[in-house]
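Listing of structure22.pdb; format and content: PDB, C-alpha atoms.
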```pdb
ATOM      1  CA  MET A   1     -17.765  -7.017  13.989
ATOM      2  CA  ASP A   2     -16.413  -7.152  17.521
ATOM      3  CA  ARG A   3     -13.446  -9.541  17.536
ATOM      4  CA  ILE A   4     -10.813  -8.631  14.932
ATOM      5  CA  ALA A   5      -7.459 -10.222  14.176
ATOM      6  CA  VAL A   6      -4.711  -8.110  12.606
ATOM      7  CA  LEU A   7      -2.146 -10.254  10.807
ATOM      8  CA  GLY A   8       1.262  -8.586  10.721
ATOM      9  CA  ALA A   9       3.291  -6.601  13.258
ATOM     10  CA  THR A  10       4.329  -4.108  10.579
ATOM     11  CA  SER A  11       4.155  -0.363  11.217
ATOM     12  CA  TRP A  12       0.796  -0.281   9.453
ATOM     13  CA  GLY A  13      -0.435  -3.424  11.191
ATOM     14  CA  LEU A  14       0.347  -1.979  14.616
ATOM     15  CA  THR A  15      -1.336   1.299  13.689
ATOM     16  CA  LEU A  16      -4.488  -0.422  12.444
ATOM     17  CA  ALA A  17      -4.634  -2.544  15.601
ATOM     18  CA  TRP A  18      -4.415   0.658  17.629
ATOM     19  CA  LEU A  19      -7.215   2.301  15.602
ATOM     20  CA  LEU A  20      -9.482  -0.723  15.950
ATOM     21  CA  ALA A  21      -8.866  -0.953  19.698
ATOM     22  CA  ALA A  22      -9.602   2.770  20.043
ATOM     23  CA  ASN A  23     -13.011   2.013  18.531
ATOM     24  CA  GLY A  24     -13.747  -0.580  21.188
ATOM     25  CA  ARG A  25     -13.020  -3.651  19.077
ATOM     26  CA  ARG A  26     -11.435  -6.658  20.742
ATOM     27  CA  VAL A  27      -8.165  -6.886  18.834
ATOM     28  CA  THR A  28      -5.665  -9.700  18.563
ATOM     29  CA  LEU A  29      -2.441  -8.976  16.715
ATOM     30  CA  LEU A  30      -1.038 -12.061  15.014
ATOM     31  CA  THR A  31       2.740 -12.292  14.795
ATOM     32  CA  ARG A  32       5.246 -14.499  12.966
ATOM     33  CA  SER A  33       6.385 -16.260  16.109
ATOM     34  CA  GLU A  34       5.649 -16.779  19.781
ATOM     35  CA  GLU A  35       8.809 -14.819  20.605
ATOM     36  CA  GLU A  36       7.588 -11.797  18.656
ATOM     37  CA  ALA A  37       4.193 -12.020  20.370
ATOM     38  CA  HIS A  38       5.811 -12.085  23.825
ATOM     39  CA  ALA A  39       8.105  -9.157  22.987
ATOM     40  CA  LEU A  40       5.235  -6.977  21.801
ATOM     41  CA  ALA A  41       3.047  -7.935  24.740
ATOM     42  CA  HIS A  42       5.841  -6.813  27.059
ATOM     43  CA  SER A  43       6.918  -3.606  25.271
ATOM     44  CA  ARG A  44       3.549  -2.496  23.789
ATOM     45  CA  THR A  45       5.540  -0.650  21.121
ATOM     46  CA  SER A  46       7.966  -1.210  18.248
ATOM     47  CA  PRO A  47      11.278   0.377  17.251
ATOM     48  CA  ARG A  48       9.676   0.972  13.845
ATOM     49  CA  LEU A  49       6.986   3.149  15.430
ATOM     50  CA  PRO A  50       8.191   4.383  18.840
ATOM     51  CA  GLU A  51       5.486   7.065  19.017
ATOM     52  CA  LEU A  52       2.765   4.401  19.211
ATOM     53  CA  ARG A  53       1.847   2.834  22.531
ATOM     54  CA  LEU A  54      -0.516  -0.118  22.179
ATOM     55  CA  PRO A  55      -3.222  -0.424  24.856
ATOM     56  CA  GLU A  56      -3.326  -3.342  27.271
ATOM     57  CA  ALA A  57      -6.587  -4.510  25.685
ATOM     58  CA  ILE A  58      -4.730  -5.692  22.553
ATOM     59  CA  ARG A  59      -3.690  -9.340  22.708
ATOM     60  CA  PHE A  60      -0.739 -10.885  20.862
ATOM     61  CA  LEU A  61      -0.619 -14.412  19.496
ATOM     62  CA  PRO A  62       1.503 -16.271  16.936
ATOM     63  CA  ALA A  63      -0.449 -16.521  13.677
ATOM     64  CA  ALA A  64      -0.510 -20.325  13.812
ATOM     65  CA  ALA A  65      -2.437 -20.130  17.096
ATOM     66  CA  ALA A  66      -5.080 -17.644  15.973
ATOM     67  CA  GLU A  67      -8.450 -17.880  17.709
ATOM     68  CA  PRO A  68     -11.951 -17.421  16.186
ATOM     69  CA  VAL A  69     -12.755 -13.813  15.224
ATOM     70  CA  ASP A  70     -15.420 -11.806  13.382
ATOM     71  CA  GLY A  71     -13.035 -10.196  10.900
ATOM     72  CA  VAL A  72      -9.414 -10.284   9.733
ATOM     73  CA  VAL A  73      -7.096  -7.444   8.681
ATOM     74  CA  VAL A  74      -4.050  -8.508   6.656
ATOM     75  CA  ALA A  75      -1.233  -5.978   7.065
ATOM     76  CA  VAL A  76       1.836  -7.784   5.777
ATOM     77  CA  PRO A  77       3.959  -6.876   2.722
ATOM     78  CA  ALA A  78       2.325  -7.846  -0.559
ATOM     79  CA  GLN A  79       4.988 -10.375  -1.511
ATOM     80  CA  SER A  80       4.629 -12.284   1.755
ATOM     81  CA  LEU A  81       0.833 -12.109   1.966
ATOM     82  CA  ARG A  82       0.181 -15.539   0.446
ATOM     83  CA  ALA A  83       2.662 -17.323   2.716
ATOM     84  CA  SER A  84       1.691 -15.362   5.836
ATOM     85  CA  VAL A  85      -2.015 -16.020   5.411
ATOM     86  CA  GLY A  86      -1.356 -19.624   4.514
ATOM     87  CA  ALA A  87       0.578 -20.141   7.741
ATOM     88  CA  ALA A  88      -2.115 -18.556   9.910
ATOM     89  CA  SER A  89      -5.122 -20.281  11.409
ATOM     90  CA  LEU A  90      -7.871 -18.079   9.936
ATOM     91  CA  SER A  91     -11.485 -18.780   9.073
ATOM     92  CA  ARG A  92     -12.471 -18.136   5.457
ATOM     93  CA  SER A  93     -16.063 -17.421   6.477
ATOM     94  CA  VAL A  94     -15.460 -13.967   8.005
ATOM     95  CA  PRO A  95     -14.720 -10.662   6.225
ATOM     96  CA  VAL A  96     -11.064 -10.051   5.383
ATOM     97  CA  LEU A  97      -9.501  -6.642   4.712
ATOM     98  CA  SER A  98      -6.244  -6.265   2.795
ATOM     99  CA  ALA A  99      -4.103  -3.350   3.934
ATOM    100  CA  ALA A 100      -1.218  -4.290   1.604
ATOM    101  CA  LYS A 101      -0.443  -2.164  -1.455
ATOM    102  CA  GLY A 102       1.154  -4.201  -4.191
ATOM    103  CA  LEU A 103       0.854  -6.805  -6.926
ATOM    104  CA  GLU A 104       2.056 -10.359  -6.445
ATOM    105  CA  THR A 105       5.165 -10.834  -8.567
ATOM    106  CA  GLU A 106       4.641 -14.467  -9.573
ATOM    107  CA  THR A 107       0.983 -14.120 -10.562
ATOM    108  CA  GLY A 108       0.357 -10.393 -11.095
ATOM    109  CA  LEU A 109      -2.666 -10.698  -8.812
ATOM    110  CA  ARG A 110      -4.054  -7.927  -6.628
ATOM    111  CA  MET A 111      -4.187  -8.715  -2.918
ATOM    112  CA  THR A 112      -7.932  -9.409  -2.752
ATOM    113  CA  GLU A 113      -7.427 -11.790  -5.670
ATOM    114  CA  VAL A 114      -4.742 -13.585  -3.671
ATOM    115  CA  LEU A 115      -7.110 -13.786  -0.693
ATOM    116  CA  ALA A 116      -9.818 -15.216  -2.962
ATOM    117  CA  ALA A 117      -7.319 -17.792  -4.225
ATOM    118  CA  LEU A 118      -6.647 -18.694  -0.589
ATOM    119  CA  GLY A 119     -10.304 -19.485   0.006
ATOM    120  CA  TRP A 120     -12.256 -16.333   0.819
ATOM    121  CA  PRO A 121     -15.448 -15.639  -1.156
ATOM    122  CA  ASP A 122     -15.108 -12.471  -3.258
ATOM    123  CA  ALA A 123     -17.994 -10.873  -1.355
ATOM    124  CA  LEU A 124     -16.074 -11.121   1.932
ATOM    125  CA  THR A 125     -12.863  -9.507   0.646
ATOM    126  CA  ALA A 126     -12.117  -5.796   0.926
ATOM    127  CA  ALA A 127      -9.183  -3.433   0.436
ATOM    128  CA  LEU A 128      -8.033  -0.380   2.394
ATOM    129  CA  SER A 129      -6.068   2.408   0.735
ATOM    130  CA  GLY A 130      -5.408   6.136   0.813
ATOM    131  CA  PRO A 131      -2.790   8.650   1.991
ATOM    132  CA  ASN A 132      -1.998   6.829   5.226
ATOM    133  CA  LEU A 133       1.503   7.368   6.565
ATOM    134  CA  ALA A 134       1.556   5.233   9.697
ATOM    135  CA  ALA A 135       3.823   7.543  11.690
ATOM    136  CA  GLU A 136       1.399  10.461  11.285
ATOM    137  CA  ILE A 137      -1.705   8.447  12.120
ATOM    138  CA  ALA A 138       0.048   7.000  15.181
ATOM    139  CA  LYS A 139       0.492  10.568  16.445
ATOM    140  CA  GLY A 140      -3.235  11.179  16.122
ATOM    141  CA  LEU A 141      -2.869  13.509  13.137
ATOM    142  CA  PRO A 142      -5.910  13.717  10.835
ATOM    143  CA  ALA A 143      -6.090  11.427   7.814
ATOM    144  CA  ALA A 144      -8.610   9.825   5.473
ATOM    145  CA  ALA A 145      -8.851   6.495   3.674
ATOM    146  CA  VAL A 146     -11.178   4.459   1.503
ATOM    147  CA  VAL A 147     -12.288   0.875   1.980
ATOM    148  CA  ALA A 148     -13.543  -0.974  -1.086
ATOM    149  CA  SER A 149     -15.600  -4.147  -1.339
ATOM    150  CA  ARG A 150     -17.980  -5.632  -3.854
ATOM    151  CA  ASP A 151     -20.396  -6.056  -0.946
ATOM    152  CA  ALA A 152     -21.606  -2.697   0.379
ATOM    153  CA  ALA A 153     -22.403  -4.200   3.781
ATOM    154  CA  VAL A 154     -18.847  -5.510   4.164
ATOM    155  CA  ALA A 155     -17.398  -2.110   3.219
ATOM    156  CA  ALA A 156     -19.699  -0.427   5.751
ATOM    157  CA  GLU A 157     -18.633  -2.866   8.486
ATOM    158  CA  TRP A 158     -14.959  -2.004   7.983
ATOM    159  CA  GLN A 159     -15.782   1.688   7.701
ATOM    160  CA  ARG A 160     -17.437   1.639  11.126
ATOM    161  CA  ALA A 161     -14.677  -0.461  12.639
ATOM    162  CA  LEU A 162     -11.853   1.828  11.544
ATOM    163  CA  ALA A 163     -13.233   5.386  11.536
ATOM    164  CA  THR A 164     -12.242   7.629  14.430
ATOM    165  CA  PRO A 165     -12.596  11.399  15.009
ATOM    166  CA  ALA A 166      -9.173  11.847  13.368
ATOM    167  CA  TYR A 167      -9.325   9.031  10.797
ATOM    168  CA  ARG A 168     -12.123   9.477   8.268
ATOM    169  CA  VAL A 169     -12.999   6.405   6.201
ATOM    170  CA  TYR A 170     -14.992   6.448   2.954
ATOM    171  CA  ARG A 171     -16.578   3.511   1.098
ATOM    172  CA  SER A 172     -16.197   2.361  -2.506
ATOM    173  CA  ASP A 173     -17.280  -0.583  -4.633
ATOM    174  CA  ASP A 174     -14.312  -0.192  -7.009
ATOM    175  CA  VAL A 175     -11.996  -2.816  -5.549
ATOM    176  CA  VAL A 176      -9.878  -2.917  -8.708
ATOM    177  CA  GLY A 177      -9.294   0.833  -8.753
ATOM    178  CA  VAL A 178      -8.609   1.170  -5.037
ATOM    179  CA  GLU A 179      -6.067  -1.654  -5.080
ATOM    180  CA  LEU A 180      -4.347  -0.540  -8.273
ATOM    181  CA  GLY A 181      -4.135   3.046  -7.044
ATOM    182  CA  GLY A 182      -2.391   1.894  -3.880
ATOM    183  CA  ALA A 183      -0.003  -0.379  -5.779
ATOM    184  CA  LEU A 184       0.894   1.782  -8.779
ATOM    185  CA  LYS A 185       1.500   5.007  -6.850
ATOM    186  CA  ASN A 186       4.472   3.342  -5.116
ATOM    187  CA  VAL A 187       6.239   3.030  -8.463
ATOM    188  CA  ILE A 188       5.654   6.686  -9.315
ATOM    189  CA  ALA A 189       6.875   7.711  -5.860
ATOM    190  CA  ILE A 190      10.244   6.066  -6.529
ATOM    191  CA  ALA A 191      10.600   8.359  -9.564
ATOM    192  CA  ALA A 192       9.550  11.371  -7.498
ATOM    193  CA  GLY A 193      12.118  10.458  -4.868
ATOM    194  CA  ALA A 194      14.784  10.146  -7.533
ATOM    195  CA  ALA A 195      13.979  13.678  -8.696
ATOM    196  CA  ALA A 196      14.270  14.858  -5.100
ATOM    197  CA  GLY A 197      17.596  13.054  -4.735
ATOM    198  CA  LEU A 198      18.882  14.804  -7.851
ATOM    199  CA  GLU A 199      17.676  18.128  -6.390
ATOM    200  CA  ALA A 200      15.640  18.608  -9.553
ATOM    201  CA  GLY A 201      13.130  20.804  -7.737
ATOM    202  CA  SER A 202       9.449  20.802  -6.869
ATOM    203  CA  ASN A 203       8.405  21.426 -10.465
ATOM    204  CA  ALA A 204      10.013  18.161 -11.540
ATOM    205  CA  ILE A 205       8.409  16.210  -8.713
ATOM    206  CA  ALA A 206       4.996  17.688  -9.519
ATOM    207  CA  ALA A 207       5.437  16.845 -13.198
ATOM    208  CA  ILE A 208       6.359  13.243 -12.393
ATOM    209  CA  MET A 209       3.395  12.946 -10.059
ATOM    210  CA  THR A 210       0.964  14.378 -12.625
ATOM    211  CA  ARG A 211       2.211  12.332 -15.559
ATOM    212  CA  GLY A 212       2.406   9.328 -13.263
ATOM    213  CA  LEU A 213      -1.242   9.782 -12.338
ATOM    214  CA  ALA A 214      -2.126   9.837 -16.033
ATOM    215  CA  GLU A 215      -0.442   6.483 -16.659
ATOM    216  CA  MET A 216      -1.876   4.988 -13.469
ATOM    217  CA  THR A 217      -5.330   5.956 -14.722
ATOM    218  CA  ARG A 218      -4.715   4.568 -18.224
ATOM    219  CA  LEU A 219      -3.468   1.242 -16.951
ATOM    220  CA  GLY A 220      -6.050   0.994 -14.189
ATOM    221  CA  THR A 221      -8.927   1.705 -16.556
ATOM    222  CA  ALA A 222      -7.660  -0.930 -18.982
ATOM    223  CA  LEU A 223      -7.617  -3.413 -16.103
ATOM    224  CA  GLY A 224     -11.220  -2.695 -15.189
ATOM    225  CA  ALA A 225     -11.047   0.187 -12.719
ATOM    226  CA  ASP A 226     -13.320   3.225 -12.618
ATOM    227  CA  PRO A 227     -11.148   6.151 -13.822
ATOM    228  CA  LEU A 228     -12.717   8.445 -11.221
ATOM    229  CA  THR A 229     -11.218   6.319  -8.442
ATOM    230  CA  PHE A 230      -7.796   7.671  -9.421
ATOM    231  CA  GLN A 231      -9.031  11.199  -8.681
ATOM    232  CA  GLY A 232      -9.827  10.173  -5.096
ATOM    233  CA  LEU A 233      -8.028   9.117  -1.942
ATOM    234  CA  ALA A 234      -6.709   5.843  -3.369
ATOM    235  CA  GLY A 235      -5.341   7.641  -6.420
ATOM    236  CA  VAL A 236      -4.156  11.232  -6.339
ATOM    237  CA  GLY A 237      -4.483  11.394  -2.532
ATOM    238  CA  ASP A 238      -2.171   8.482  -1.843
ATOM    239  CA  LEU A 239       0.105   9.491  -4.700
ATOM    240  CA  ALA A 240       0.575  13.022  -3.333
ATOM    241  CA  ALA A 241       1.476  11.830   0.154
ATOM    242  CA  THR A 242       3.858   9.180  -1.147
ATOM    243  CA  CYS A 243       5.599  11.466  -3.620
ATOM    244  CA  PHE A 244       6.094  14.445  -1.304
ATOM    245  CA  SER A 245       6.482  13.059   2.215
ATOM    246  CA  PRO A 246       9.947  12.219   3.578
ATOM    247  CA  LEU A 247       8.170   9.471   5.560
ATOM    248  CA  SER A 248       7.473   7.555   2.343
ATOM    249  CA  ARG A 249       9.722   4.509   1.923
ATOM    250  CA  ASN A 250       9.254   4.491  -1.848
ATOM    251  CA  ARG A 251      10.239   8.137  -2.166
ATOM    252  CA  ARG A 252      13.186   7.490   0.155
ATOM    253  CA  LEU A 253      14.355   4.647  -2.065
ATOM    254  CA  GLY A 254      14.339   6.925  -5.105
ATOM    255  CA  GLU A 255      16.370   9.507  -3.217
ATOM    256  CA  LEU A 256      18.970   6.936  -2.185
ATOM    257  CA  LEU A 257      19.262   5.546  -5.726
ATOM    258  CA  ALA A 258      19.754   9.059  -7.108
ATOM    259  CA  ARG A 259      22.522   9.657  -4.600
ATOM    260  CA  GLY A 260      24.433   6.619  -5.799
ATOM    261  CA  HIS A 261      23.401   3.847  -3.426
ATOM    262  CA  PRO A 262      23.009   0.422  -5.057
ATOM    263  CA  LEU A 263      19.500  -0.997  -4.809
ATOM    264  CA  GLU A 264      20.244  -3.650  -2.177
ATOM    265  CA  GLN A 265      22.133  -1.168  -0.030
ATOM    266  CA  ALA A 266      19.266   1.320  -0.278
ATOM    267  CA  LEU A 267      16.766  -1.342   0.761
ATOM    268  CA  ASP A 268      18.960  -2.275   3.736
ATOM    269  CA  ILE A 269      19.106   1.364   4.822
ATOM    270  CA  ILE A 270      15.320   1.660   4.744
ATOM    271  CA  GLY A 271      14.873  -1.623   6.582
ATOM    272  CA  GLU A 272      11.214  -2.233   5.697
ATOM    273  CA  ALA A 273       9.350  -3.386   2.605
ATOM    274  CA  VAL A 274       9.439  -0.968  -0.328
ATOM    275  CA  GLU A 275       6.425  -2.149  -2.292
ATOM    276  CA  GLY A 276       7.218  -0.225  -5.466
ATOM    277  CA  VAL A 277      10.268  -2.399  -6.154
ATOM    278  CA  PRO A 278       8.450  -5.671  -6.889
ATOM    279  CA  THR A 279       5.401  -3.841  -8.279
ATOM    280  CA  ALA A 280       7.244  -1.948 -11.045
ATOM    281  CA  PRO A 281       8.088  -4.908 -13.333
ATOM    282  CA  VAL A 282       4.645  -6.465 -12.784
ATOM    283  CA  ALA A 283       2.879  -3.214 -13.695
ATOM    284  CA  LEU A 284       5.121  -2.775 -16.739
ATOM    285  CA  ALA A 285       4.391  -6.300 -17.946
ATOM    286  CA  LYS A 286       0.649  -5.727 -17.616
ATOM    287  CA  ALA A 287       0.927  -2.447 -19.515
ATOM    288  CA  LYS A 288       2.898  -4.034 -22.365
ATOM    289  CA  THR A 289       0.377  -6.853 -22.671
ATOM    290  CA  LEU A 290      -2.443  -4.316 -22.969
ATOM    291  CA  GLY A 291      -0.533  -1.857 -25.167
ATOM    292  CA  ILE A 292      -0.680   0.906 -22.546
ATOM    293  CA  ASP A 293       1.980   3.619 -22.507
ATOM    294  CA  VAL A 294       3.553   3.932 -19.017
ATOM    295  CA  PRO A 295       6.838   5.828 -19.507
ATOM    296  CA  VAL A 296       7.487   6.667 -15.845
ATOM    297  CA  THR A 297       6.880   3.087 -14.743
ATOM    298  CA  GLU A 298       9.076   1.834 -17.588
ATOM    299  CA  GLN A 299      12.007   3.980 -16.483
ATOM    300  CA  VAL A 300      11.602   3.066 -12.821
ATOM    301  CA  ALA A 301      11.652  -0.610 -13.792
ATOM    302  CA  ALA A 302      14.774  -0.007 -15.896
ATOM    303  CA  VAL A 303      16.609   1.653 -13.010
ATOM    304  CA  LEU A 304      15.615  -1.075 -10.545
ATOM    305  CA  ALA A 305      16.791  -3.774 -12.961
ATOM    306  CA  GLY A 306      20.115  -2.017 -13.580
ATOM    307  CA  ARG A 307      19.327  -1.276 -17.233
ATOM    308  CA  ALA A 308      19.564   2.490 -16.700
ATOM    309  CA  THR A 309      20.956   4.958 -14.204
ATOM    310  CA  VAL A 310      18.704   7.543 -12.588
ATOM    311  CA  ILE A 311      20.223  10.263 -14.779
ATOM    312  CA  GLU A 312      19.707   8.206 -17.932
ATOM    313  CA  ALA A 313      16.104   7.483 -16.978
ATOM    314  CA  MET A 314      15.414  11.169 -16.373
ATOM    315  CA  ARG A 315      16.934  12.105 -19.714
ATOM    316  CA  THR A 316      14.840   9.467 -21.469
ATOM    317  CA  LEU A 317      11.642  10.886 -19.986
ATOM    318  CA  LEU A 318      12.583  14.458 -20.885
ATOM    319  CA  SER A 319      13.500  13.551 -24.467
ATOM    320  CA  ARG A 320      10.234  11.817 -25.365
ATOM    321  CA  PRO A 321       8.408  13.230 -28.416
ATOM    322  CA  LEU A 322       6.343  16.335 -27.724
ATOM    323  CA  THR A 323       2.591  15.686 -27.736
ATOM    324  CA  GLU A 324      -0.708  17.104 -26.572
ATOM    325  CA  GLU A 325      -1.608  16.620 -22.947
ATOM    326  CA  ARG A 326      -4.484  14.131 -22.919
ATOM    327  CA  PRO A 327      -5.246  13.314 -19.303
ATOM    328  CA  LEU A 328      -8.426  11.384 -20.071
ATOM    329  CA  PRO A 329      -8.119   7.632 -19.510
ATOM    330  CA  GLY A 330      -7.372   5.468 -22.480
ATOM    331  CA  LEU A 331      -5.713   8.215 -24.531
ATOM    332  CA  VAL A 332      -2.021   7.829 -25.202
ATOM    333  CA  ASP A 333      -0.009  10.921 -24.402
TER     334      ASP A 333
END
```
Would you give me this structure, written as structure tokens?
Amino acid sequence: MDRIAVLGATSWGLTLAWLLAANGRRVTLLTRSEEEAHALAHSRTSPRLPELRLPEAIRFLPAAAAEPVDGVVVAVPAQSLRASVGAASLSRSVPVLSAAKGLETETGLRMTEVLAALGWPDALTAALSGPNLAAEIAKGLPAAAVVASRDAAVAAEWQRALATPAYRVYRSDDVVGVELGGALKNVIAIAAGAAAGLEAGSNAIAAIMTRGLAEMTRLGTALGADPLTFQGLAGVGDLAATCFSPLSRNRRLGELLARGHPLEQALDIIGEAVEGVPTAPVALAKAKTLGIDVPVTEQVAAVLAGRATVIEAMRTLLSRPLTEERPLPGLVD
């Protein structure tokens, strides 16, 4: 896999393009417009990620003018993935890697399912997830991730393309678990951020993260994931980084909501996609259909929809009936 197109000039898209170029791949970054392509080609950086300087070897083209490549990385927000891919000139006969972490609101589909609906064979789709804060990776700080595909050869191709001395990439065949871990942890991180915004302390954040992991595992297992995936990089690893790091947009949203900012104002302040917002009601709907208890997700969805304040949601969680702790998947606790 030599020639790779990265669709999306997001912080994560720029970082992945940089990683791929560092590994000697011939990278083309596909943008929304010719103007955006020209601007990036001239500046070689972005206000979203000023610490990252893109090498001259990276080319920039509008997505509609994409050229033939050996692989495609899709690094756009989950809710715009279908439209962005649909507007791009991309072959469906090469491997495609989703770097988006979310569930499509209209269909409830995972991102590789959306890519399959857009024409890629299942065997050529893959997903990347893990505790990957773009700003840290762009500084060359160490990190790890997991790439999942039903085809072991496809997963290995992406593993080799992305791994660097500071960015360790593992393989998995649990596409469902890796994608759900990356999507569901964003919802839990909003709750963790709300606890931080209320100055509830580290104990509260750790409790939310732990109970959140339990409900992520219950729901994920019911949807076909391997429960052990949630103990790995795509589960507890990504969840920990997103819940505790001030770089996390989902945590930041929770903090802003707890401090009294209306949702739309908080989103404007952050200025980039906050994937947990559209994911929360989709995850809750899936859980209700399957009869899975997801109390943290339920309260996050209530706050986002204006049905509860952050304080009311916290009180609801703390006043739930006392039970045994049953962290094993499938057991209601």
What's around stretch 252-263 of chain A at 10 Å? Count all atoms listed in the file, leave out sequence neighbours fewer than 6 positions away in its own chain, and write the answer as a VMD selection string. chain A and resid 187 to 199 242 to 243 245 to 246 269 to 270 274 276 to 277 300 303 to 306 309 to 311
Can you pull out the residues contacting A:Ala153? Cut-off 12 Å, using all atoms listed in the file, and skip same-chain residues under 3 positions away; I want them as a VMD selection string. chain A and resid 1 95 123 to 126 147 to 150 156 to 160 171 to 173
As lines of an AutoDock Vina configuration file, what would the box around stretch 124-137 of chain A look like: edges along x, y and z, 5 Å added on every side, centre and edge lengths in Å to one decimal?
```
center_x = -6.1
center_y = -0.3
center_z = 6.3
size_x = 29.9
size_y = 31.6
size_z = 21.7
```
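Here the PyMOL selection byres ((chain A and resi 74) around 8) catches exactly these residues: Val6, Leu7, Gly8, Gly13, Val72, Val73, Ala75, Val76, Leu81, Val85, Val96, Leu97, Ser98, Ala99 and Ala100 of chain A.
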Using the selection just defined, write its residues with C-alpha atoms as a JSON list (two decimals), in the frame of the given file.
```json
[["chain", "number", "residue", "atom", "x", "y", "z"],
["A", 6, "VAL", "CA", -4.71, -8.11, 12.61],
["A", 7, "LEU", "CA", -2.15, -10.25, 10.81],
["A", 8, "GLY", "CA", 1.26, -8.59, 10.72],
["A", 13, "GLY", "CA", -0.44, -3.42, 11.19],
["A", 72, "VAL", "CA", -9.41, -10.28, 9.73],
["A", 73, "VAL", "CA", -7.10, -7.44, 8.68],
["A", 75, "ALA", "CA", -1.23, -5.98, 7.06],
["A", 76, "VAL", "CA", 1.84, -7.78, 5.78],
["A", 81, "LEU", "CA", 0.83, -12.11, 1.97],
["A", 85, "VAL", "CA", -2.02, -16.02, 5.41],
["A", 96, "VAL", "CA", -11.06, -10.05, 5.38],
["A", 97, "LEU", "CA", -9.50, -6.64, 4.71],
["A", 98, "SER", "CA", -6.24, -6.26, 2.80],
["A", 99, "ALA", "CA", -4.10, -3.35, 3.93],
["A", 100, "ALA", "CA", -1.22, -4.29, 1.60]]
```
Can you pull out every residue within 6 Å of A:Gly181, counting all atoms listed in the file, but drop anything in the same chain fewer than 4 positions away, and send it as a VMD selection string? chain A and resid 177 185 234 to 235
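The two atoms in question, atom CA of A:Pro77 and atom CA of A:Val27, are spaced 20.2 Å apart.
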Find the spatial neighbours of A:Ala143, counting all atoms listed in the file, within a cut-off of 8 Å - ignore same-chain residues fewer than 5 positions away - and output them as a PyMOL selection string. chain A and resi 131-132+137+166-168
Residues around (4.4, -21.5, 17.0), cut-off 10 Å, counting all atoms listed in the file - what are they as a short mmCIF file (atom, residue, chain, number, x, y, z; two decimals) with C-alpha atoms, keeping the file's coordinate frame?
```cif
data_model
loop_
_atom_site.label_atom_id
_atom_site.label_comp_id
_atom_site.auth_asym_id
_atom_site.auth_seq_id
_atom_site.Cartn_x
_atom_site.Cartn_y
_atom_site.Cartn_z
CA THR A 31 2.74 -12.29 14.80
CA ARG A 32 5.25 -14.50 12.97
CA SER A 33 6.38 -16.26 16.11
CA GLU A 34 5.65 -16.78 19.78
CA GLU A 35 8.81 -14.82 20.60
CA LEU A 61 -0.62 -14.41 19.50
CA PRO A 62 1.50 -16.27 16.94
CA ALA A 63 -0.45 -16.52 13.68
CA ALA A 64 -0.51 -20.32 13.81
CA ALA A 65 -2.44 -20.13 17.10
#
```
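Candidate residues A:Thr221, A:Ser91, A:Thr229, A:Thr112 were compared for distance to A:Gly130, and the nearest is A:Thr229, using only C-alpha atoms.
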How would stretch 113-123 of chain A of the given structure read as a file with N, CA and C atoms, as a PDB file, in the first residue's frame?
```pdb
ATOM      1  N   GLU A 113     -20.037   0.061   8.462  1.00  0.00           N
ATOM      2  CA  GLU A 113     -21.317  -0.320   7.852  1.00  0.00           C
ATOM      3  C   GLU A 113     -21.766   0.736   6.843  1.00  0.00           C
ATOM      4  N   VAL A 114     -21.519   2.002   7.162  1.00  0.00           N
ATOM      5  CA  VAL A 114     -21.833   3.067   6.209  1.00  0.00           C
ATOM      6  C   VAL A 114     -20.966   2.916   4.960  1.00  0.00           C
ATOM      7  N   LEU A 115     -19.678   2.631   5.155  1.00  0.00           N
ATOM      8  CA  LEU A 115     -18.784   2.450   4.008  1.00  0.00           C
ATOM      9  C   LEU A 115     -19.219   1.263   3.155  1.00  0.00           C
ATOM     10  N   ALA A 116     -19.676   0.190   3.800  1.00  0.00           N
ATOM     11  CA  ALA A 116     -20.187  -0.961   3.046  1.00  0.00           C
ATOM     12  C   ALA A 116     -21.430  -0.570   2.253  1.00  0.00           C
ATOM     13  N   ALA A 117     -22.282   0.249   2.864  1.00  0.00           N
ATOM     14  CA  ALA A 117     -23.490   0.710   2.165  1.00  0.00           C
ATOM     15  C   ALA A 117     -23.143   1.604   0.976  1.00  0.00           C
ATOM     16  N   LEU A 118     -21.966   2.224   1.040  1.00  0.00           N
ATOM     17  CA  LEU A 118     -21.515   3.097  -0.046  1.00  0.00           C
ATOM     18  C   LEU A 118     -20.740   2.331  -1.117  1.00  0.00           C
ATOM     19  N   GLY A 119     -20.614   1.012  -0.954  1.00  0.00           N
ATOM     20  CA  GLY A 119     -20.061   0.222  -2.039  1.00  0.00           C
ATOM     21  C   GLY A 119     -18.810  -0.570  -1.775  1.00  0.00           C
ATOM     22  N   TRP A 120     -18.201  -0.430  -0.596  1.00  0.00           N
ATOM     23  CA  TRP A 120     -17.001  -1.212  -0.312  1.00  0.00           C
ATOM     24  C   TRP A 120     -17.367  -2.622   0.155  1.00  0.00           C
ATOM     25  N   PRO A 121     -16.665  -3.645  -0.316  1.00  0.00           N
ATOM     26  CA  PRO A 121     -16.857  -4.986   0.245  1.00  0.00           C
ATOM     27  C   PRO A 121     -16.459  -5.000   1.719  1.00  0.00           C
ATOM     28  N   ASP A 122     -17.172  -5.769   2.539  1.00  0.00           N
ATOM     29  CA  ASP A 122     -16.868  -5.833   3.966  1.00  0.00           C
ATOM     30  C   ASP A 122     -15.403  -6.153   4.219  1.00  0.00           C
ATOM     31  N   ALA A 123     -14.833  -7.045   3.405  1.00  0.00           N
ATOM     32  CA  ALA A 123     -13.458  -7.493   3.620  1.00  0.00           C
ATOM     33  C   ALA A 123     -12.435  -6.377   3.417  1.00  0.00           C
TER      34      ALA A 123
END
```
